[in-house]
file entry20.cif (mmCIF, C-alpha atoms)
data_entry
loop_
_atom_site.label_atom_id
_atom_site.label_comp_id
_atom_site.auth_asym_id
_atom_site.auth_seq_id
_atom_site.Cartn_x
_atom_site.Cartn_y
_atom_site.Cartn_z
CA MET A 647 162.53 217.46 288.61
CA PRO A 648 159.75 215.08 287.46
CA SER A 649 160.35 213.61 284.00
CA VAL A 650 157.85 212.75 281.27
CA PHE A 651 158.90 210.05 278.81
CA TYR A 652 156.84 210.42 275.61
CA PHE A 653 156.64 207.27 273.51
CA THR A 654 155.57 206.72 269.91
CA ASP A 655 155.90 203.66 267.67
CA THR A 656 154.87 205.46 264.49
CA THR A 657 157.02 205.58 261.34
CA GLY A 658 155.70 208.84 259.86
CA PHE A 659 154.67 212.39 260.66
CA GLY A 660 150.97 213.24 260.74
CA GLY A 661 148.39 214.76 263.03
CA ALA A 662 149.24 212.60 266.05
CA GLU A 663 152.93 213.48 265.80
CA GLN A 664 152.15 217.18 265.32
CA THR A 665 150.00 217.08 268.47
CA LEU A 666 152.86 215.44 270.35
CA LEU A 667 155.19 218.20 269.15
CA THR A 668 152.68 220.85 270.25
CA LEU A 669 152.53 219.21 273.68
CA LEU A 670 156.34 219.26 273.92
CA THR A 671 156.34 222.92 272.88
CA GLY A 672 153.87 223.96 275.56
CA LEU A 673 155.22 221.82 278.40
CA ASP A 674 156.35 223.86 281.42
CA ARG A 675 160.08 223.08 281.54
CA GLN A 676 160.30 224.52 285.04
CA ARG A 677 158.10 221.64 286.19
CA TRP A 678 158.67 218.76 283.76
CA GLN A 679 161.72 217.33 282.01
CA PRO A 680 160.66 215.68 278.71
CA VAL A 681 162.27 212.74 276.89
CA LEU A 682 161.07 211.44 273.52
CA ILE A 683 161.32 207.68 272.90
CA TYR A 684 160.95 206.65 269.27
CA HIS A 685 161.80 203.92 266.77
CA PRO A 686 164.14 205.31 264.07
CA ALA A 687 162.38 205.84 260.71
CA PRO A 688 163.19 208.25 257.84
CA ASP A 689 159.73 209.85 257.71
CA LEU A 690 159.83 210.65 261.43
CA GLU A 691 162.42 213.40 260.90
CA PRO A 692 159.96 216.36 261.23
CA LEU A 693 159.09 215.19 264.75
CA LEU A 694 162.73 214.64 265.71
CA ALA A 695 163.83 217.97 264.23
CA GLY A 696 161.10 219.75 266.18
CA ALA A 697 162.09 217.96 269.38
CA ARG A 698 165.75 218.90 268.87
CA GLN A 699 164.79 222.55 268.43
CA LEU A 700 162.99 222.36 271.77
CA ASP A 701 166.05 220.77 273.38
CA VAL A 702 164.12 217.59 274.19
CA ALA A 703 166.27 214.55 274.97
CA LEU A 704 165.89 211.81 272.33
CA TRP A 705 165.98 208.08 273.03
CA PRO A 706 166.02 205.86 269.91
CA ALA A 707 164.73 202.44 270.96
CA PRO A 708 164.52 199.16 269.01
CA ARG A 709 161.13 198.52 267.41
CA MET A 710 158.83 196.14 269.29
CA PRO A 711 156.57 194.66 266.59
CA ASP A 712 153.50 192.54 267.30
CA GLY A 713 154.14 188.93 268.18
CA TRP A 714 157.01 187.13 269.87
CA GLU A 715 159.74 189.37 268.42
CA GLY A 716 158.26 192.41 270.14
CA ALA A 717 157.47 190.55 273.33
CA ALA A 718 161.07 189.30 273.54
CA ARG A 719 162.32 192.90 273.65
CA VAL A 720 160.11 193.90 276.57
CA PRO A 721 162.45 192.72 279.40
CA GLN A 722 165.35 194.85 278.15
CA PHE A 723 163.11 197.90 277.75
CA VAL A 724 161.75 197.34 281.26
CA ARG A 725 165.30 197.29 282.64
CA GLN A 726 166.15 200.50 280.78
CA LEU A 727 163.05 202.25 282.09
CA ARG A 728 163.83 201.16 285.65
CA ALA A 729 167.34 202.56 285.28
CA LYS A 730 166.12 205.92 283.91
CA ARG A 731 163.20 206.13 286.39
CA PRO A 732 160.66 208.31 284.52
CA THR A 733 157.93 209.94 286.60
CA VAL A 734 155.38 209.76 283.77
CA PHE A 735 155.25 207.51 280.69
CA HIS A 736 152.95 208.99 278.03
CA ALA A 737 152.36 206.94 274.85
CA HIS A 738 150.73 208.37 271.72
CA LEU A 739 148.65 205.79 269.84
CA THR A 740 147.82 206.17 266.16
CA TRP A 741 145.39 203.23 266.45
CA PRO A 742 143.98 201.33 269.46
CA LEU A 743 146.61 198.56 269.54
CA ALA A 744 149.63 200.83 269.00
CA CYS A 745 152.43 201.12 271.58
CA LYS A 746 151.25 197.91 273.25
CA PHE A 747 154.64 196.60 274.33
CA GLY A 748 155.86 200.08 275.28
CA LEU A 749 152.91 200.54 277.62
CA MET A 750 153.33 197.02 278.97
CA SER A 751 156.99 197.76 279.70
CA ALA A 752 156.12 200.98 281.55
CA VAL A 753 153.62 199.11 283.73
CA LEU A 754 156.15 196.34 284.49
CA ALA A 755 158.81 198.96 285.26
CA ARG A 756 156.40 200.47 287.80
CA VAL A 757 156.47 203.96 286.30
CA PRO A 758 154.37 206.04 288.73
CA ALA A 759 151.98 207.43 286.07
CA VAL A 760 151.27 205.69 282.74
CA VAL A 761 149.10 207.53 280.21
CA ALA A 762 147.98 206.77 276.64
CA THR A 763 146.56 209.31 274.18
CA GLU A 764 144.29 207.68 271.58
CA HIS A 765 144.49 209.69 268.34
CA SER A 766 142.31 207.62 266.03
CA PHE A 767 140.26 204.45 265.76
CA VAL A 768 140.47 202.01 262.86
CA GLU A 769 138.66 198.71 262.60
CA PHE A 770 140.82 195.74 263.57
CA TYR A 771 140.55 192.01 264.23
CA LEU A 772 139.86 191.47 267.91
CA ASP A 773 140.45 187.92 269.11
CA ALA A 774 140.34 186.68 272.70
CA SER A 775 144.10 187.07 273.20
CA ILE A 776 144.19 190.70 272.02
CA TYR A 777 141.09 191.48 274.05
CA MET A 778 142.64 190.10 277.25
CA GLN A 779 145.93 191.94 276.64
CA GLN A 780 144.07 195.22 276.24
CA ARG A 781 141.89 194.63 279.30
CA LEU A 782 144.96 193.88 281.43
CA LEU A 783 146.65 197.03 280.16
CA ALA A 784 143.54 199.08 280.84
CA ALA A 785 143.46 197.79 284.41
CA SER A 786 147.08 198.88 284.96
CA LEU A 787 147.19 202.21 283.10
CA GLY A 788 146.47 205.46 284.87
CA ARG A 789 144.42 207.09 282.13
CA TYR A 790 143.41 206.83 278.48
CA LEU A 791 143.07 210.21 276.77
CA PRO A 792 141.04 209.92 273.54
CA VAL A 793 141.07 213.12 271.48
CA SER A 794 137.30 213.03 270.92
CA HIS A 795 134.12 211.81 272.59
CA ASP A 796 133.50 209.58 269.56
CA LEU A 797 136.83 207.82 270.19
CA ALA A 798 135.98 207.45 273.87
CA GLN A 799 132.71 205.75 273.01
CA ARG A 800 134.44 203.36 270.62
CA LEU A 801 136.99 202.38 273.27
CA ARG A 802 134.21 201.65 275.74
CA GLN A 803 132.11 199.71 273.24
CA THR A 804 134.86 197.70 271.50
CA LEU A 805 137.46 197.11 274.21
CA HIS A 806 135.21 197.70 277.24
CA PHE A 807 137.70 200.03 278.88
CA PRO A 808 136.35 201.27 282.23
CA ALA A 809 134.80 204.73 281.97
CA ARG A 810 136.77 205.94 285.01
CA LYS A 811 140.02 205.36 283.09
CA ILE A 812 138.91 207.43 280.07
CA GLN A 813 139.17 211.22 279.87
CA VAL A 814 138.60 213.11 276.63
CA ILE A 815 141.18 215.80 275.89
CA HIS A 816 140.65 217.46 272.53
CA ASN A 817 143.61 218.23 270.30
CA GLY A 818 144.91 221.77 270.55
CA ILE A 819 146.86 223.95 268.14
CA LEU A 820 149.06 227.02 268.31
CA VAL A 821 146.78 229.76 266.98
CA GLU A 822 149.39 232.49 266.40
CA PRO A 823 150.94 231.06 263.18
CA PHE A 824 147.55 231.36 261.46
CA ASN A 825 147.20 235.14 261.81
CA GLY A 826 149.05 236.00 258.59
CA LEU A 827 147.79 237.84 255.51
CA ALA A 828 147.58 236.36 252.03
CA ASP A 829 150.63 236.54 249.78
CA ALA A 830 149.47 237.73 246.37
CA ALA A 831 152.24 235.93 244.49
CA LEU A 832 151.52 232.63 246.25
CA ARG A 833 147.79 232.96 245.55
CA ALA A 834 148.47 233.67 241.88
CA SER A 835 150.66 230.57 241.65
CA LEU A 836 147.89 228.44 243.13
CA ASN A 837 145.11 229.52 240.80
CA GLY A 838 147.23 230.09 237.71
CA ASN A 839 146.76 233.89 237.76
CA SER A 840 143.03 233.38 237.26
CA GLN A 841 140.24 234.92 239.32
CA ARG A 842 138.93 231.50 240.37
CA PRO A 843 138.26 231.07 244.11
CA ILE A 844 140.62 228.62 245.79
CA VAL A 845 139.31 225.56 247.63
CA LEU A 846 142.12 224.10 249.75
CA THR A 847 142.47 220.61 251.20
CA ALA A 848 145.48 219.83 253.38
CA ALA A 849 145.64 216.12 254.17
CA ARG A 850 147.65 212.98 253.56
CA LEU A 851 146.78 211.48 250.14
CA ASP A 852 145.20 208.36 251.55
CA ALA A 853 141.84 206.68 250.97
CA GLN A 854 140.78 207.64 254.51
CA LYS A 855 140.79 211.34 253.58
CA GLY A 856 138.16 210.95 250.83
CA HIS A 857 139.94 212.90 248.08
CA ARG A 858 138.24 210.83 245.36
CA TYR A 859 134.88 212.30 246.39
CA LEU A 860 136.39 215.79 246.44
CA LEU A 861 137.51 215.35 242.84
CA GLU A 862 134.02 214.25 241.81
CA ALA A 863 132.66 217.34 243.58
CA ALA A 864 135.24 219.51 241.79
CA ALA A 865 133.83 218.37 238.45
CA LEU A 866 130.49 219.86 239.57
CA VAL A 867 131.99 223.23 240.57
CA PRO A 868 133.79 224.41 237.40
CA GLU A 869 134.21 227.97 238.66
CA ALA A 870 136.63 226.96 241.47
CA GLN A 871 140.29 225.99 241.71
CA PHE A 872 141.05 222.97 243.93
CA VAL A 873 144.42 222.83 245.67
CA LEU A 874 145.58 219.64 247.40
CA ALA A 875 148.45 219.94 249.88
CA GLY A 876 149.90 216.65 251.09
CA ASP A 877 151.35 213.45 249.73
CA GLY A 878 150.71 209.77 250.17
CA PRO A 879 150.00 206.39 248.59
CA ALA A 880 146.86 207.51 246.74
CA ARG A 881 148.56 210.25 244.72
CA SER A 882 148.98 208.40 241.42
CA SER A 883 145.40 207.10 241.40
CA LEU A 884 144.09 210.57 242.23
CA GLU A 885 146.12 212.12 239.42
CA GLU A 886 144.66 209.54 237.04
CA ARG A 887 141.18 210.41 238.29
CA VAL A 888 141.81 214.11 237.58
CA GLN A 889 142.59 213.27 233.96
CA ALA A 890 139.58 210.95 233.66
CA LEU A 891 137.26 213.68 234.97
CA GLY A 892 138.76 216.27 232.61
CA LEU A 893 139.68 218.58 235.46
CA GLY A 894 142.95 219.60 233.80
CA ASN A 895 144.57 222.57 235.47
CA ARG A 896 141.72 223.15 237.96
CA VAL A 897 143.24 220.66 240.41
CA VAL A 898 146.76 221.31 241.71
CA PHE A 899 148.79 218.71 243.62
CA LEU A 900 151.32 220.51 245.82
CA GLY A 901 152.84 217.49 247.55
CA TYR A 902 154.05 217.76 251.14
CA ARG A 903 154.11 221.38 252.32
CA SER A 904 155.42 222.96 255.50
CA ASP A 905 153.80 226.35 254.76
CA ILE A 906 150.20 225.42 255.63
CA PRO A 907 149.53 228.76 257.42
CA GLU A 908 150.53 230.64 254.26
CA LEU A 909 148.41 228.37 252.05
CA LEU A 910 145.40 228.84 254.32
CA ALA A 911 145.81 232.60 254.17
CA CYS A 912 145.53 232.38 250.37
CA CYS A 913 142.46 230.14 250.09
CA ASP A 914 138.77 231.10 250.04
CA LEU A 915 137.52 228.02 251.82
CA PHE A 916 138.82 224.78 253.29
CA VAL A 917 137.42 221.28 252.66
CA LEU A 918 138.19 217.99 254.43
CA PRO A 919 136.13 215.09 252.96
CA SER A 920 137.40 212.35 255.33
CA LEU A 921 135.68 208.99 255.74
CA TYR A 922 136.72 208.81 259.42
CA GLU A 923 138.83 210.89 261.80
CA GLY A 924 140.11 211.26 265.35
CA LEU A 925 140.03 215.05 265.63
CA PRO A 926 141.67 216.55 262.52
CA LEU A 927 144.21 219.30 263.14
CA SER A 928 143.74 220.60 259.60
CA VAL A 929 140.16 221.62 260.38
CA LEU A 930 141.25 223.38 263.57
CA GLU A 931 144.02 225.17 261.65
CA ALA A 932 141.62 226.33 258.94
CA MET A 933 139.23 227.64 261.60
CA ALA A 934 142.15 229.40 263.35
CA ALA A 935 143.07 231.02 260.02
CA GLY A 936 139.56 232.48 259.78
CA LYS A 937 138.52 230.37 256.81
CA PRO A 938 135.06 228.84 256.26
CA VAL A 939 135.22 225.05 256.64
CA ILE A 940 133.33 222.24 254.95
CA ALA A 941 133.97 218.75 256.30
CA SER A 942 132.48 215.27 256.50
CA ALA A 943 130.08 214.63 259.34
CA VAL A 944 132.26 211.98 260.99
CA GLY A 945 133.14 211.38 264.62
CA GLY A 946 135.65 213.87 266.01
CA THR A 947 135.25 216.42 263.21
CA ASP A 948 131.69 217.09 264.33
CA GLU A 949 133.02 218.06 267.77
CA ALA A 950 134.91 220.99 266.22
CA VAL A 951 132.57 222.04 263.40
CA ILE A 952 129.08 223.03 264.54
CA PRO A 953 126.87 222.91 261.42
CA GLY A 954 125.63 226.32 260.37
CA GLU A 955 127.60 228.02 263.14
CA THR A 956 131.32 227.33 262.64
CA GLY A 957 131.19 225.52 259.30
CA LEU A 958 129.19 223.09 257.17
CA LEU A 959 129.08 219.30 257.52
CA VAL A 960 128.13 216.91 254.73
CA PRO A 961 127.67 213.12 254.66
CA PRO A 962 130.95 211.28 253.94
CA ALA A 963 131.45 209.84 250.44
CA ASP A 964 128.76 212.14 248.95
CA PRO A 965 130.26 214.31 246.18
CA ILE A 966 126.92 215.92 245.30
CA ALA A 967 126.39 217.12 248.89
CA LEU A 968 130.01 218.28 248.97
CA ALA A 969 129.65 220.26 245.72
CA THR A 970 126.41 221.80 246.96
CA ALA A 971 128.06 222.96 250.19
CA ILE A 972 131.04 224.43 248.29
CA ARG A 973 128.73 226.37 245.99
CA THR A 974 126.64 227.54 248.95
CA LEU A 975 129.64 229.22 250.55
CA LEU A 976 131.10 230.56 247.30
CA ASP A 977 127.73 232.10 246.43
CA ASP A 978 127.07 233.56 249.88
CA PRO A 979 130.12 235.53 251.13
CA PRO A 980 128.31 236.92 254.22
CA LEU A 981 127.49 233.36 255.36
CA ALA A 982 131.05 232.21 254.68
CA GLN A 983 132.42 235.17 256.66
CA ARG A 984 130.11 234.53 259.62
CA LEU A 985 131.09 230.84 259.78
CA ALA A 986 134.76 231.78 259.53
CA LEU A 987 134.63 234.33 262.36
CA ASN A 988 132.68 231.95 264.62
CA GLY A 989 135.10 229.14 263.83
CA ARG A 990 138.13 231.23 264.72
CA ALA A 991 136.57 232.27 268.03
CA ARG A 992 135.71 228.64 268.84
CA VAL A 993 139.26 227.40 268.22
CA GLN A 994 140.71 230.15 270.40
CA ARG A 995 138.26 229.27 273.17
CA GLU A 996 138.12 225.46 273.02
CA PHE A 997 141.05 224.09 271.00
CA SER A 998 144.12 226.13 271.90
CA ALA A 999 147.46 224.47 272.58
CA GLU A 1000 147.52 226.08 276.03
CA ARG A 1001 144.22 224.48 277.00
CA MET A 1002 145.35 221.04 275.78
CA VAL A 1003 148.69 221.21 277.62
CA GLN A 1004 147.02 222.36 280.84
CA ARG A 1005 144.54 219.51 280.75
CA VAL A 1006 147.19 216.87 279.98
CA THR A 1007 149.57 218.01 282.72
CA ARG A 1008 146.65 218.16 285.15
CA VAL A 1009 146.18 214.43 284.48
CA TYR A 1010 149.84 213.85 285.34
CA ASP A 1011 149.37 215.73 288.62
CA GLU A 1012 146.15 213.88 289.46
CA LEU A 1013 147.72 210.47 288.92
CA LEU A 1014 150.86 211.29 290.86
CA TYR A 1015 149.01 213.03 293.69
CA HIS A 1016 146.48 210.20 293.96
CA ARG A 1017 149.35 207.71 294.09
CA GLU A 1018 151.05 209.65 296.91
CA VAL A 1019 147.81 209.92 298.87
CA SER A 1020 147.12 206.20 298.42
CA HIS A 1021 150.61 205.33 299.68
CA ASP A 1022 150.22 207.65 302.66
CA ARG A 1023 147.02 205.88 303.67
CA HIS A 1024 148.63 202.48 303.79
#

call {"tool": "encode", "arguments": {"input": "entry20.cif", "output": "structure tokens"}}
result
Amino acid sequence: MPSVFYFTDTTGFGGAEQTLLTLLTGLDRQRWQPVLIYHPAPDLEPLLAGARQLDVALWPAPRMPDGWEGAARVPQFVRQLRAKRPTVFHAHLTWPLACKFGLMSAVLARVPAVVATEHSFVEFYLDASIYMQQRLLAASLGRYLPVSHDLAQRLRQTLHFPARKIQVIHNGILVEPFNGLADAALRASLNGNSQRPIVLTAARLDAQKGHRYLLEAAALVPEAQFVLAGDGPARSSLEERVQALGLGNRVVFLGYRSDIPELLACCDLFVLPSLYEGLPLSVLEAMAAGKPVIASAVGGTDEAVIPGETGLLVPPADPIALATAIRTLLDDPPLAQRLALNGRARVQREFSAERMVQRVTRVYDELLYHREVSHDRH
């Protein structure tokens, strides 16, 4: 049976890792045998636990950091790949230069199909050496799979990857977990037994996610309760900002939560004020839960949220525009309901896990079939 070796060099669990887990969940095990290659890290446990539940073989591999230390570990990894003989090597990149030595090893090991999913784009220093490494990789890889058209454009413009090697495959989610009804006790705990509407944000507490602008918007919408699910390095500064703005008990920090479907069922609307994104799963999940969405008009997000049809988009880093959009939906329930219903239908149609898995495995087939045809012709 053909095998797919999934590779990640991340140290934590976020949207990219959740997408990888969704892909593993939906993979046809009658056709493909998956293996997950990872570098051991404490915060990676949710991914590993999910993979174990799915009976996916795990391969802990030594980290291959940038520079000579990582390069020196390539020959051994190449030998191991040759011995295990994967049919497909599929790396998941949390930024454009991630998984570099893993991909290089797969190419040198002559894995029949080598694929890289690009989950996000961050600015980075690009010198001549890095540029040449990436161009050589691009020439050898079968396909790059950015999760949005915005990411695809950035790869073409910054790294000059050939268009024929790039194929956009949007993130997909399992829709079924988001069909639940609100739990009255949970809702009461979130808004302190008040009648205030609940505005939910589920995102890592990191500067990228724009929470500071959400807090400034919250100060302009005193009638609402703001609930922040997630944890991260910005938590202490955000908590200080809450006190400085006098928001008191109108902002609740929940920390990391695994019950996002239940939280979504309890909220009145969902907000994601990111400064940049790949294609945020949290927005897709809120749409799947039938909740009206307000998000920043940044690349990737604007491919899921159609302004005025499936949600509202506001300029990033603009708390006044954000507050205005929140009030618009709180004051106009029919509009909020229409956006929510349209959003749910769009996720089911365009962003389902089934659609994503089908498109990814079709790429595997295309690369392997093309390779066989090419060999037959020579």

call {"tool": "resolve_selection", "arguments": {"input": "entry20.cif", "expression": "the PyMOL selection byres ((chain A and resi 852) around 10)", "output": "list in words"}}
result
Ala849, Arg850, Leu851, Ala853, Gln854, Lys855, Gly856, His857, Arg858, Gly876, Asp877, Gly878, Pro879, Ala880, Arg881, Leu884 and Ser920 of chain A

call {"tool": "closest_residue", "arguments": {"input": "entry20.cif", "among": "A:Ala934, A:Val753, A:Ala941, A:Tyr1010", "to": "A:Ile819", "atoms": "all atoms listed in the file"}}
result
A:Ala934

call {"tool": "axis_aligned_box", "arguments": {"input": "entry20.cif", "around": "stretch 793-808 of chain A", "padding_each_side": "3 Å", "output": "lines of an AutoDock Vina configuration file"}}
result
center_x = 136.6
center_y = 205.1
center_z = 275.9
size_x = 15.0
size_y = 22.0
size_z = 18.7

call {"tool": "residues_around", "arguments": {"input": "entry20.cif", "residues": "stretch 786-798 of chain A", "least_positions_apart": "6", "cutoff": "8 Å", "atoms": "only C-alpha atoms", "output": "MDAnalysis selection string"}}
result
chainID A and resid 753 759:767 811:817 924:925 945:946 949 1009 1013

call {"tool": "residues_near_point", "arguments": {"input": "entry20.cif", "point": "(136.4, 195.1, 277.9)", "cutoff": "10 Å", "atoms": "all atoms listed in the file", "output": "NGL selection string"}}
result
:A and (777-778 or 780-782 or 784-785 or 801-808)

call {"tool": "closest_residue", "arguments": {"input": "entry20.cif", "among": "A:Ala875, A:Val960, A:Val1006, A:Leu667", "to": "A:Ala695", "atoms": "all atoms listed in the file"}}
result
A:Leu667

call {"tool": "closest_atom_pairs", "arguments": {"input": "entry20.cif", "of": "stretch 870-946 of chain A", "to": "stretch 972-990 of chain A", "cutoff": "8 Å", "atoms": "only C-alpha atoms", "output": "CSV"}}
result
residue,atom,partner,partner_atom,distance
A:Met933,CA,A:Arg990,CA,4.9
A:Ala934,CA,A:Arg990,CA,4.6
A:Ala935,CA,A:Arg990,CA,6.8
A:Gly936,CA,A:Ala986,CA,4.9
A:Lys937,CA,A:Ala986,CA,4.9
A:Pro938,CA,A:Ala986,CA,4.4
A:Val939,CA,A:Ala986,CA,7.3
A:Ile940,CA,A:Ile972,CA,7.4

call {"tool": "atom_distance", "arguments": {"input": "entry20.cif", "atom1": "atom CA of A:Ser942", "atom2": "atom CA of A:Ser835"}}
result
28.0 Å

call {"tool": "closest_residue", "arguments": {"input": "entry20.cif", "among": "A:Leu820, A:Val929, A:Leu958, A:Ala864", "to": "A:Ala943", "atoms": "all atoms listed in the file"}}
result
A:Leu958

call {"tool": "residues_around", "arguments": {"input": "entry20.cif", "residues": "A:Ile683", "least_positions_apart": "4", "cutoff": "9 Å", "atoms": "only C-alpha atoms", "output": "list of chain:residue names"}}
result
A:Phe651, A:Tyr652, A:Phe653, A:Thr654, A:Asp655, A:Ala703, A:Leu704, A:Trp705, A:Pro706, A:Ala707

call {"tool": "atom_distance", "arguments": {"input": "entry20.cif", "atom1": "atom CA of A:Ile966", "atom2": "atom CA of A:Leu910"}}
result
24.3 Å

call {"tool": "resolve_selection", "arguments": {"input": "entry20.cif", "expression": "the PyMOL selection byres ((chain A and resi 905-907) around 12)", "output": "ChimeraX atom specification"}}
result
/A:820-829,832,846-849,873-876,900-904,908-913,916,927-937

call {"tool": "closest_residue", "arguments": {"input": "entry20.cif", "among": "A:Ala774, A:Val845, A:Val768, A:Ala697", "to": "A:Leu921", "atoms": "all atoms listed in the file"}}
result
A:Val768

call {"tool": "resolve_selection", "arguments": {"input": "entry20.cif", "expression": "the PyMOL selection byres ((chain A and resi 702) around 9)", "output": "list of chain:residue names"}}
result
A:Leu670, A:Gln679, A:Pro680, A:Val681, A:Leu682, A:Gly696, A:Ala697, A:Arg698, A:Gln699, A:Leu700, A:Asp701, A:Ala703, A:Leu704

call {"tool": "atom_distance", "arguments": {"input": "entry20.cif", "atom1": "atom CA of A:Val951", "atom2": "atom CA of A:Glu996"}}
result
11.6 Å

call {"tool": "residues_near_point", "arguments": {"input": "entry20.cif", "point": "(128.5, 211.6, 245.9)", "cutoff": "8 Å", "atoms": "only C-alpha atoms", "output": "list in words"}}
result
Tyr859, Glu862, Ala863, Ala963, Asp964, Pro965, Ile966, Ala967 and Leu968 of chain A

call {"tool": "residues_around", "arguments": {"input": "entry20.cif", "residues": "A:Pro688", "least_positions_apart": "5", "cutoff": "10 Å", "atoms": "all atoms listed in the file", "output": "list in words"}}
result
Thr657, Gly658 and Phe659 of chain A

call {"tool": "write_last_selection", "arguments": {"input": "entry20.cif", "atoms": "C-alpha atoms", "output": "PDB file, in the frame of the given file"}}
result
ATOM      1  CA  THR A 657     157.020 205.580 261.340  1.00  0.00           C
ATOM      2  CA  GLY A 658     155.700 208.840 259.860  1.00  0.00           C
ATOM      3  CA  PHE A 659     154.670 212.390 260.660  1.00  0.00           C
TER       4      PHE A 659
END

call {"tool": "residues_around", "arguments": {"input": "entry20.cif", "residues": "A:Arg756", "least_positions_apart": "6", "cutoff": "10 Å", "atoms": "only C-alpha atoms", "output": "JSON, numbers by chain"}}
result
{"A": [724, 727, 728, 731, 732, 733, 750, 786]}

call {"tool": "closest_residue", "arguments": {"input": "entry20.cif", "among": "A:Leu783, A:Ala999, A:Val898, A:Val720", "to": "A:Ala755", "atoms": "only C-alpha atoms"}}
result
A:Val720
